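Q: Attaching a single structure in structure tokens format; questions to follow.
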Amino acid sequence: MPSPVSECLYCQENETLHKLMIKITDLKVSQLFIFKEQSYTGRLNVVYKDHGVEFHELSNEQRNAFMDDVATTANAITKAFNPDKINYGAFSDTLSHLHFHIVPKYKDGYGFGSVFEMNPNKVSLSDVEYDAIIEKIKANL
């Protein structure tokens with residue numbers, strides 16, 4: 001059973017969302033956010049525009065546009081930060097809003113060679129540092 005729109009942090013743009021992420025921009029069919037927790041430098045979230053949609057329910061056109069947003073984001077991260085690997089995650093047991101975690105990994109960095117942690121709470125940045133990452137991403141979109 002899908003979670004209601006009224007409980008969706010993305011649809012409501014509520015306090016929970018603002019504690020976790022900063023919106024960067026709108027893409028073709030998605031919104032792009034940076035996670036405030038930056039153990040993985042450049043970790044982003046690509047969030048589909050509509051609530052309550054499963055990936056397999058998208059039309060070919062919608063799915064291709066969404067995956068193009070995901071690929072565009074990964075390409076921007078690659079150009080901005082040159083990670084050794086990018087991990088992709090789509091987890092939504094309790095939140096019915098399609099989104100992909102885009103997680104750059106670095107050989108000498110946090111968690112390389114293991115599954116990424118959702119919120120390790122190890123690295124918080126200043127507003128200036130978040131802005132610098134956001135500008136690097138935007139310059140490469």
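For the structure tokens, the naming scheme is as follows: chains receive sequential letters (A, B, ...) according to their order of presentation, residues are indexed from 1 within each chain, and ligands are indexed from 1 in presentation order.
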Just want the 10 Å neighbourhood of stretch 117-122 of chain A, counted on only C-alpha atoms, with same-chain residues fewer than 4 positions away dropped. Output as JSON, numbers by chain.

A: {"A": [20, 35, 36, 37, 38, 39, 40, 89, 91, 101, 103, 110, 111]}

Q: Could you please take those selected residues and save N, CA, C and O atoms as a PDB file, in the first residue's frame?

A:
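Heads up, here's the output in part.pdb:
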ATOM      1  N   LEU A  20      17.611  16.721   5.810  1.00  0.00           N
ATOM      2  CA  LEU A  20      18.398  15.690   5.127  1.00  0.00           C
ATOM      3  C   LEU A  20      19.078  16.169   3.852  1.00  0.00           C
ATOM      4  O   LEU A  20      20.163  15.683   3.505  1.00  0.00           O
ATOM      5  N   PHE A  35      22.580  15.367  -0.514  1.00  0.00           N
ATOM      6  CA  PHE A  35      22.442  14.977   0.882  1.00  0.00           C
ATOM      7  C   PHE A  35      23.335  15.852   1.732  1.00  0.00           C
ATOM      8  O   PHE A  35      24.486  16.127   1.371  1.00  0.00           O
ATOM      9  N   LYS A  36      22.824  16.277   2.872  1.00  0.00           N
ATOM     10  CA  LYS A  36      23.654  17.057   3.788  1.00  0.00           C
ATOM     11  C   LYS A  36      24.749  16.179   4.381  1.00  0.00           C
ATOM     12  O   LYS A  36      25.859  16.644   4.620  1.00  0.00           O
ATOM     13  N   GLU A  37      24.476  14.912   4.598  1.00  0.00           N
ATOM     14  CA  GLU A  37      25.482  13.973   5.080  1.00  0.00           C
ATOM     15  C   GLU A  37      26.373  13.618   3.886  1.00  0.00           C
ATOM     16  O   GLU A  37      25.924  13.033   2.922  1.00  0.00           O
ATOM     17  N   GLN A  38      27.639  14.031   3.940  1.00  0.00           N
ATOM     18  CA  GLN A  38      28.531  13.901   2.785  1.00  0.00           C
ATOM     19  C   GLN A  38      29.735  12.998   3.048  1.00  0.00           C
ATOM     20  O   GLN A  38      30.853  13.304   2.638  1.00  0.00           O
ATOM     21  N   SER A  39      29.517  11.854   3.709  1.00  0.00           N
ATOM     22  CA  SER A  39      30.605  10.877   3.842  1.00  0.00           C
ATOM     23  C   SER A  39      31.076  10.430   2.462  1.00  0.00           C
ATOM     24  O   SER A  39      32.232  10.072   2.278  1.00  0.00           O
ATOM     25  N   TYR A  40      30.143  10.437   1.522  1.00  0.00           N
ATOM     26  CA  TYR A  40      30.448  10.126   0.125  1.00  0.00           C
ATOM     27  C   TYR A  40      30.364  11.452  -0.635  1.00  0.00           C
ATOM     28  O   TYR A  40      29.273  11.907  -0.991  1.00  0.00           O
ATOM     29  N   GLY A  89      21.246   3.410  -5.810  1.00  0.00           N
ATOM     30  CA  GLY A  89      20.324   2.735  -4.908  1.00  0.00           C
ATOM     31  C   GLY A  89      18.916   3.247  -5.072  1.00  0.00           C
ATOM     32  O   GLY A  89      18.707   4.453  -5.220  1.00  0.00           O
ATOM     33  N   PHE A  91      15.681   2.545  -2.914  1.00  0.00           N
ATOM     34  CA  PHE A  91      15.066   1.909  -1.755  1.00  0.00           C
ATOM     35  C   PHE A  91      13.837   2.703  -1.351  1.00  0.00           C
ATOM     36  O   PHE A  91      13.911   3.909  -1.236  1.00  0.00           O
ATOM     37  N   HIS A 101      19.332   7.022  -5.277  1.00  0.00           N
ATOM     38  CA  HIS A 101      20.513   7.553  -4.608  1.00  0.00           C
ATOM     39  C   HIS A 101      21.686   7.379  -5.571  1.00  0.00           C
ATOM     40  O   HIS A 101      21.895   6.288  -6.106  1.00  0.00           O
ATOM     41  N   VAL A 103      25.618   7.591  -5.514  1.00  0.00           N
ATOM     42  CA  VAL A 103      26.636   7.614  -4.468  1.00  0.00           C
ATOM     43  C   VAL A 103      28.029   7.423  -5.066  1.00  0.00           C
ATOM     44  O   VAL A 103      28.401   6.315  -5.438  1.00  0.00           O
ATOM     45  N   TYR A 110      35.553   6.775   2.300  1.00  0.00           N
ATOM     46  CA  TYR A 110      34.652   6.095   3.215  1.00  0.00           C
ATOM     47  C   TYR A 110      33.864   4.997   2.496  1.00  0.00           C
ATOM     48  O   TYR A 110      33.265   5.234   1.443  1.00  0.00           O
ATOM     49  N   GLY A 111      33.863   3.799   3.044  1.00  0.00           N
ATOM     50  CA  GLY A 111      32.996   2.716   2.591  1.00  0.00           C
ATOM     51  C   GLY A 111      33.302   2.105   1.252  1.00  0.00           C
ATOM     52  O   GLY A 111      32.474   1.365   0.720  1.00  0.00           O
TER      53      GLY A 111
END

Q: So that I can check the surroundings of stretch 72-83 of chain A, please list as a ChimeraX atom specification every protein, DNA and RNA residue that reaches within 6 Å of it, counting only C-alpha atoms and ignoring chain neighbours fewer than 5 positions away.

A: /A:104-106,136-137,140-141

Q: Can you work out the spacing between atom CA of A:Asp26 and atom CA of A:Glu135 in Å, to one decimal?

A: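 Straight-line distance from atom CA of A:Asp26 to atom CA of A:Glu135 works out to 14.3 Å.
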
Q: Residues of chain A in strand (DSSP E or B) according to DSSP, as a list in words?

A: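 Selection result, strand (DSSP E or B) within chain A: Met21, Ile22, Lys23, Ile24, Thr25, Asp26, Ser30, Gln31, Leu32, Phe33, Ile34, Phe35, Leu44, Asn45, Val46, Val47, Tyr48, Lys85, Ile86, Asn87, Tyr88, Gly89, His99, Phe100, His101, Ile102, Val103, Pro104 and Lys105 of chain A.
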
Q: Closest to A:Asp50 among A:Asn14, A:Ser30, A:Asn64, A:Thr25, using only C-alpha atoms?

A: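 Of A:Asn14, A:Ser30, A:Asn64, A:Thr25, the one nearest A:Asp50 is A:Ser30, counting only C-alpha atoms.
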
Q: I want to know what sits within 12 Å of A:Leu32, based on only C-alpha atoms, with residues of the same chain fewer than 4 positions away left out; could you give that as number ranges by chain?

A: A: 10, 21-28, 42-49, 66, 69-70, 72-74, 76, 99-102, 134, 137-138, 141

Q: When distances are computed from only C-alpha atoms, which of A:Ala90, A:Leu98, A:Ala139, A:Gln31 shows the smallest separation from A:Glu57?

A: A:Leu98

Q: Find the distance between atom CA of A:Val53 and atom CA of A:Ser96 and write it in Å to one decimal.

A: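 The value is 7.0 Å.
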
Q: In Å to one decimal, how far is atom CA of A:Phe112 from atom CA of A:Phe55?

A: 27.4 Å

Q: To test your reading of the structure, identify every residue in stretch 91-135 of chain A that backbone DSSP assigns to helix (DSSP H, G or I), and report it as a list in words.

A: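 DSSP on the backbone gives helix (DSSP H, G or I) at Asp127, Val128, Glu129, Tyr130, Asp131, Ala132, Ile133, Ile134 and Glu135 of chain A.
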
Q: Take the selection from the previous step and output its residues with all heavy atoms, as a short mmCIF file (atom, residue, chain, number, x, y, z; two decimals), in the first residue's frame.

A:
data_model
loop_
_atom_site.label_atom_id
_atom_site.label_comp_id
_atom_site.auth_asym_id
_atom_site.auth_seq_id
_atom_site.Cartn_x
_atom_site.Cartn_y
_atom_site.Cartn_z
N ASP A 127 27.72 25.76 5.09
CA ASP A 127 26.92 26.23 3.95
C ASP A 127 27.81 26.55 2.75
O ASP A 127 27.45 26.26 1.61
CB ASP A 127 26.10 27.47 4.34
CG ASP A 127 24.96 27.13 5.29
OD1 ASP A 127 24.60 25.94 5.42
OD2 ASP A 127 24.43 28.07 5.92
N VAL A 128 28.97 27.11 3.01
CA VAL A 128 29.91 27.45 1.93
C VAL A 128 30.38 26.17 1.22
O VAL A 128 30.46 26.13 -0.01
CB VAL A 128 31.11 28.24 2.49
CG1 VAL A 128 32.21 28.41 1.45
CG2 VAL A 128 30.65 29.60 3.00
N GLU A 129 30.64 25.12 1.99
CA GLU A 129 31.08 23.86 1.38
C GLU A 129 29.97 23.20 0.58
O GLU A 129 30.22 22.67 -0.52
CB GLU A 129 31.60 22.91 2.47
CG GLU A 129 32.90 23.37 3.10
CD GLU A 129 33.27 22.58 4.34
OE1 GLU A 129 32.41 22.42 5.24
OE2 GLU A 129 34.44 22.13 4.41
N TYR A 130 28.73 23.22 1.09
CA TYR A 130 27.60 22.69 0.32
C TYR A 130 27.44 23.48 -0.97
O TYR A 130 27.27 22.90 -2.05
CB TYR A 130 26.28 22.77 1.10
CG TYR A 130 26.17 21.80 2.25
CD1 TYR A 130 25.95 22.26 3.53
CD2 TYR A 130 26.28 20.42 2.05
CE1 TYR A 130 25.84 21.38 4.60
CE2 TYR A 130 26.18 19.54 3.11
CZ TYR A 130 25.96 20.03 4.39
OH TYR A 130 25.85 19.16 5.44
N ASP A 131 27.52 24.80 -0.88
CA ASP A 131 27.39 25.65 -2.07
C ASP A 131 28.45 25.32 -3.10
O ASP A 131 28.18 25.30 -4.30
CB ASP A 131 27.46 27.13 -1.69
CG ASP A 131 26.23 27.62 -0.94
OD1 ASP A 131 25.19 26.91 -0.97
OD2 ASP A 131 26.31 28.70 -0.32
N ALA A 132 29.68 25.05 -2.67
CA ALA A 132 30.76 24.73 -3.60
C ALA A 132 30.47 23.41 -4.33
O ALA A 132 30.68 23.32 -5.55
CB ALA A 132 32.10 24.64 -2.86
N ILE A 133 29.97 22.41 -3.62
CA ILE A 133 29.62 21.15 -4.27
C ILE A 133 28.47 21.34 -5.23
O ILE A 133 28.50 20.86 -6.37
CB ILE A 133 29.28 20.07 -3.21
CG1 ILE A 133 30.54 19.67 -2.44
CG2 ILE A 133 28.65 18.84 -3.87
CD1 ILE A 133 30.29 18.71 -1.29
N ILE A 134 27.47 22.07 -4.80
CA ILE A 134 26.30 22.34 -5.65
C ILE A 134 26.73 23.05 -6.93
O ILE A 134 26.29 22.70 -8.03
CB ILE A 134 25.23 23.14 -4.87
CG1 ILE A 134 24.59 22.24 -3.82
CG2 ILE A 134 24.19 23.72 -5.82
CD1 ILE A 134 23.73 22.98 -2.80
N GLU A 135 27.58 24.05 -6.81
CA GLU A 135 28.05 24.77 -8.00
C GLU A 135 28.84 23.86 -8.94
O GLU A 135 28.69 23.97 -10.16
CB GLU A 135 28.86 26.00 -7.61
CG GLU A 135 28.01 27.11 -7.02
CD GLU A 135 26.79 27.45 -7.88
OE1 GLU A 135 26.95 27.67 -9.11
OE2 GLU A 135 25.67 27.49 -7.33
#
